[in-house]
Amino acid sequence: MSAIRSPLSDEARSVTGEALQGALVDLIDLSLYAKQLHWNVIGRTFRSVHRQLDEVVELARRFADAVAERAVAIGVNPDGQASTVARGTHLHGVEVGYLADEKVIRLMTDVLAGVVTRMRTRMDITEQPDPVTQDLIIGVVRELEEQHWMFQAMV
C-alpha cells in the first residue's frame with residue numbers, strides 16, 4: 001500500500017500531527033466524560049442538563065472524526081484507542097453513582113475550560129505549519145467555548 005503524502009514539510013507535519021493527536025484524545029475523552037455524566041445526572045434541572053450533555057457528546061464525536069480525518073489527510077495516523085486516550089487524558093474520572101445537577105454543571109464547566117485552553121494552545125501551534133488545521137481547531141474552539149458559556153449560565 002502506498003502512504004498518504006502531504007505537501008507539508010516533515011517538521012510541519014510532525015508539529016501538526018502532534019496537535020491533532022492531542023485534540024483527538026481530548027475530544028474522545030470529553031465525549032466519554034460527558035456521556036458518563038449524562039447517564040447519571042439527577043436533580044431539578046435534570047432534563048436541560050441531560051440534553052446539554054448530549055450536545056457536548058455529539059459535537060465532541062463530530063470533531064473527533066474531523067480531527068482524525070485531517071491527520072490522515074496530512075499523512076499522520078490518528079490513534080483513538082481506549083488505551084491511548086487513557087494514557088493521554090487530562091480529565092479526572094467521575095465518581096460512580098448519581099450526581100446532582102449542580103455538581104455536573106460545575107464539573108462540565110471546569111472540564112470544558114481545560115479542553116478549550118489546550119485547544120487554544122494547539123490553535124496557536126498550528127498557525128504557521130498548517131493554517132488549514134488551525135482553521136479546523138478554531139471551529140472546535142468556537143463550539144466548545146459556546147458549550148462552556150452555556151454550562152456557566154446554568155449556575
# chains A, B, ... in the order shown; residues from 1 in each chain; ligands from 1
$ residues_around --residues "segment 141-146 of chain A" --least-positions-apart "6" --cutoff "7 Å" --atoms "only C-alpha atoms" --output "PyMOL selection string"
chain A and resi 112+116+119-120
$ select_by_dssp --residues "chain A" --states "helix (DSSP H, G or I)" --output "PyMOL selection string"
chain A and resi 10-40+46-73+82-88+101-125+131-153
$ closest_residue --among "A:Gly17, A:Gln152, A:Leu8, A:Gln147" --to "Arg70 of chain A" --atoms "only C-alpha atoms"
A:Gly17
$ closest_residue --among "A:Asp101, A:Asp110, A:Asp135, A:Glu69" --to "His38 of chain A" --atoms "only C-alpha atoms"
A:Asp101
$ closest_residue --among "A:Ile28, A:Ile74, A:Glu18, A:Glu58" --to "Ala3 of chain A" --atoms "only C-alpha atoms"
A:Ile74
$ closest_residue --among "A:Val140, A:Gly114, A:Gly80, A:Val104" --to "His50 of chain A" --atoms "only C-alpha atoms"
A:Val104
$ residues_around --residues "Val72 of chain A" --least-positions-apart "6" --cutoff "12 Å" --atoms "only C-alpha atoms" --output "list in words"
Ala3, Ile4, Arg5, Ser6, Arg13, Thr16, Gly17, Leu20, Gln21, Asp65, Ala66, Pro78, Asp79 and Thr133 of chain A
$ write_last_selection --atoms "N, CA, C and O atoms" --output "short mmCIF file (atom, residue, chain, number, x, y, z; two decimals), in the first residue's frame"
data_model
loop_
_atom_site.label_atom_id
_atom_site.label_comp_id
_atom_site.auth_asym_id
_atom_site.auth_seq_id
_atom_site.Cartn_x
_atom_site.Cartn_y
_atom_site.Cartn_z
N ALA A 3 1.67 5.11 0.98
CA ALA A 3 1.38 6.01 2.11
C ALA A 3 0.71 7.28 1.60
O ALA A 3 0.91 7.70 0.48
N ILE A 4 -0.05 7.89 2.45
CA ILE A 4 -0.66 9.18 2.15
C ILE A 4 0.43 10.24 2.26
O ILE A 4 1.15 10.29 3.25
N ARG A 5 0.55 11.05 1.25
CA ARG A 5 1.57 12.10 1.24
C ARG A 5 0.89 13.46 1.36
O ARG A 5 -0.21 13.65 0.91
N SER A 6 1.61 14.37 1.94
CA SER A 6 1.12 15.73 2.11
C SER A 6 2.18 16.70 1.63
O SER A 6 3.38 16.40 1.73
N ARG A 13 4.44 18.67 9.39
CA ARG A 13 3.56 17.52 9.60
C ARG A 13 3.70 16.97 11.01
O ARG A 13 2.72 16.59 11.65
N THR A 16 2.00 19.53 13.44
CA THR A 16 0.57 19.49 13.22
C THR A 16 -0.02 18.15 13.67
O THR A 16 -1.09 18.11 14.29
N GLY A 17 0.68 17.07 13.37
CA GLY A 17 0.22 15.74 13.78
C GLY A 17 0.11 15.61 15.28
O GLY A 17 -0.85 15.03 15.80
N LEU A 20 -2.96 17.53 16.37
CA LEU A 20 -4.18 16.79 16.03
C LEU A 20 -4.38 15.59 16.94
O LEU A 20 -5.50 15.30 17.37
N GLN A 21 -3.31 14.87 17.26
CA GLN A 21 -3.42 13.72 18.15
C GLN A 21 -3.87 14.15 19.54
O GLN A 21 -4.74 13.51 20.14
N ASP A 65 -13.91 12.96 14.74
CA ASP A 65 -13.83 12.38 13.40
C ASP A 65 -13.14 13.34 12.44
O ASP A 65 -12.26 12.94 11.66
N ALA A 66 -13.50 14.62 12.49
CA ALA A 66 -12.89 15.61 11.60
C ALA A 66 -11.39 15.74 11.86
O ALA A 66 -10.59 15.82 10.92
N PRO A 78 -3.93 8.73 13.05
CA PRO A 78 -4.51 9.04 14.35
C PRO A 78 -4.64 7.78 15.20
O PRO A 78 -4.76 6.68 14.67
N ASP A 79 -4.61 7.96 16.50
CA ASP A 79 -4.76 6.83 17.42
C ASP A 79 -5.82 7.19 18.46
O ASP A 79 -5.57 7.95 19.39
N THR A 133 -5.30 23.17 9.35
CA THR A 133 -5.55 22.53 10.64
C THR A 133 -5.92 23.56 11.68
O THR A 133 -6.83 23.34 12.48
#
$ atom_distance --atom1 "atom CA of Asn40 of chain A" --atom2 "atom CA of His148 of chain A"
19.8 Å
$ atom_distance --atom1 "atom CA of Ala12 of chain A" --atom2 "atom CA of Leu27 of chain A"
22.2 Å
$ closest_residue --among "A:Ser14, A:Gln36, A:Gln52, A:Ser9" --to "Ile105 of chain A" --atoms "only C-alpha atoms"
A:Gln52
$ residues_around --residues "Val41 of chain A" --least-positions-apart "4" --cutoff "10 Å" --atoms "only C-alpha atoms" --output "mmCIF file with N, CA, C and O atoms, in the first residue's frame"
data_model
loop_
_atom_site.group_PDB
_atom_site.id
_atom_site.type_symbol
_atom_site.label_atom_id
_atom_site.label_comp_id
_atom_site.auth_asym_id
_atom_site.auth_seq_id
_atom_site.Cartn_x
_atom_site.Cartn_y
_atom_site.Cartn_z
ATOM 1 N N GLN A 36 -20.892 9.886 30.471
ATOM 2 C CA GLN A 36 -20.965 9.338 31.827
ATOM 3 C C GLN A 36 -21.816 10.238 32.715
ATOM 4 O O GLN A 36 -22.672 9.760 33.467
ATOM 5 N N LEU A 37 -21.606 11.538 32.623
ATOM 6 C CA LEU A 37 -22.417 12.472 33.397
ATOM 7 C C LEU A 37 -23.873 12.436 32.937
ATOM 8 O O LEU A 37 -24.792 12.472 33.765
ATOM 9 N N THR A 45 -32.966 20.305 37.564
ATOM 10 C CA THR A 45 -32.730 20.699 36.171
ATOM 11 C C THR A 45 -32.228 19.523 35.321
ATOM 12 O O THR A 45 -31.565 19.719 34.307
ATOM 13 N N PHE A 46 -32.579 18.313 35.767
ATOM 14 C CA PHE A 46 -32.132 17.101 35.091
ATOM 15 C C PHE A 46 -32.281 17.185 33.580
ATOM 16 O O PHE A 46 -31.342 16.962 32.832
ATOM 17 N N ARG A 47 -33.474 17.473 33.112
ATOM 18 C CA ARG A 47 -33.761 17.392 31.675
ATOM 19 C C ARG A 47 -32.873 18.329 30.849
ATOM 20 O O ARG A 47 -32.298 17.922 29.841
ATOM 21 N N VAL A 49 -29.953 19.708 31.688
ATOM 22 C CA VAL A 49 -28.549 19.310 31.803
ATOM 23 C C VAL A 49 -28.306 18.041 30.991
ATOM 24 O O VAL A 49 -27.310 17.934 30.254
ATOM 25 N N HIS A 50 -29.202 17.085 31.102
ATOM 26 C CA HIS A 50 -29.131 15.826 30.360
ATOM 27 C C HIS A 50 -29.025 16.099 28.853
ATOM 28 O O HIS A 50 -28.171 15.541 28.170
ATOM 29 N N LEU A 53 -25.698 17.901 27.874
ATOM 30 C CA LEU A 53 -24.585 16.952 27.839
ATOM 31 C C LEU A 53 -24.564 16.182 26.524
ATOM 32 O O LEU A 53 -23.493 15.923 25.967
ATOM 33 N N GLY A 97 -22.074 6.559 40.409
ATOM 34 C CA GLY A 97 -23.360 6.810 41.058
ATOM 35 C C GLY A 97 -24.009 8.077 40.535
ATOM 36 O O GLY A 97 -23.500 8.743 39.635
ATOM 37 N N TYR A 98 -25.164 8.373 41.116
ATOM 38 C CA TYR A 98 -25.897 9.572 40.710
ATOM 39 C C TYR A 98 -25.139 10.821 41.117
ATOM 40 O O TYR A 98 -24.498 10.852 42.164
ATOM 41 N N LEU A 99 -25.261 11.838 40.282
ATOM 42 C CA LEU A 99 -24.598 13.109 40.553
ATOM 43 C C LEU A 99 -25.623 14.236 40.455
ATOM 44 O O LEU A 99 -26.386 14.302 39.479
ATOM 45 N N ALA A 100 -25.620 15.104 41.432
ATOM 46 C CA ALA A 100 -26.543 16.240 41.440
ATOM 47 C C ALA A 100 -26.265 17.147 40.245
ATOM 48 O O ALA A 100 -25.105 17.361 39.862
ATOM 49 N N ASP A 101 -27.331 17.672 39.689
ATOM 50 C CA ASP A 101 -27.216 18.528 38.510
ATOM 51 C C ASP A 101 -26.251 19.692 38.732
ATOM 52 O O ASP A 101 -25.458 20.024 37.847
ATOM 53 N N GLU A 102 -26.268 20.296 39.916
ATOM 54 C CA GLU A 102 -25.364 21.411 40.189
ATOM 55 C C GLU A 102 -23.898 20.971 40.108
ATOM 56 O O GLU A 102 -23.047 21.700 39.604
ATOM 57 N N LYS A 103 -23.620 19.790 40.619
ATOM 58 C CA LYS A 103 -22.248 19.275 40.570
ATOM 59 C C LYS A 103 -21.847 18.983 39.129
ATOM 60 O O LYS A 103 -20.726 19.286 38.711
ATOM 61 N N VAL A 104 -22.761 18.400 38.360
ATOM 62 C CA VAL A 104 -22.486 18.091 36.952
ATOM 63 C C VAL A 104 -22.176 19.380 36.186
ATOM 64 O O VAL A 104 -21.245 19.428 35.379
ATOM 65 N N ILE A 105 -22.928 20.405 36.447
ATOM 66 C CA ILE A 105 -22.709 21.698 35.784
ATOM 67 C C ILE A 105 -21.310 22.220 36.119
ATOM 68 O O ILE A 105 -20.573 22.662 35.231
#
$ closest_residue --among "A:Arg51, A:Asp10, A:Ala82, A:Gly22" --to "Arg122 of chain A" --atoms "only C-alpha atoms"
A:Gly22
$ atom_distance --atom1 "atom CA of Ala73 of chain A" --atom2 "atom CA of Val57 of chain A"
24.3 Å
$ residues_around --residues "Ile125 of chain A" --least-positions-apart "4" --cutoff "8 Å" --atoms "only C-alpha atoms" --output "ChimeraX atom specification"
/A:15-16,19,121,129
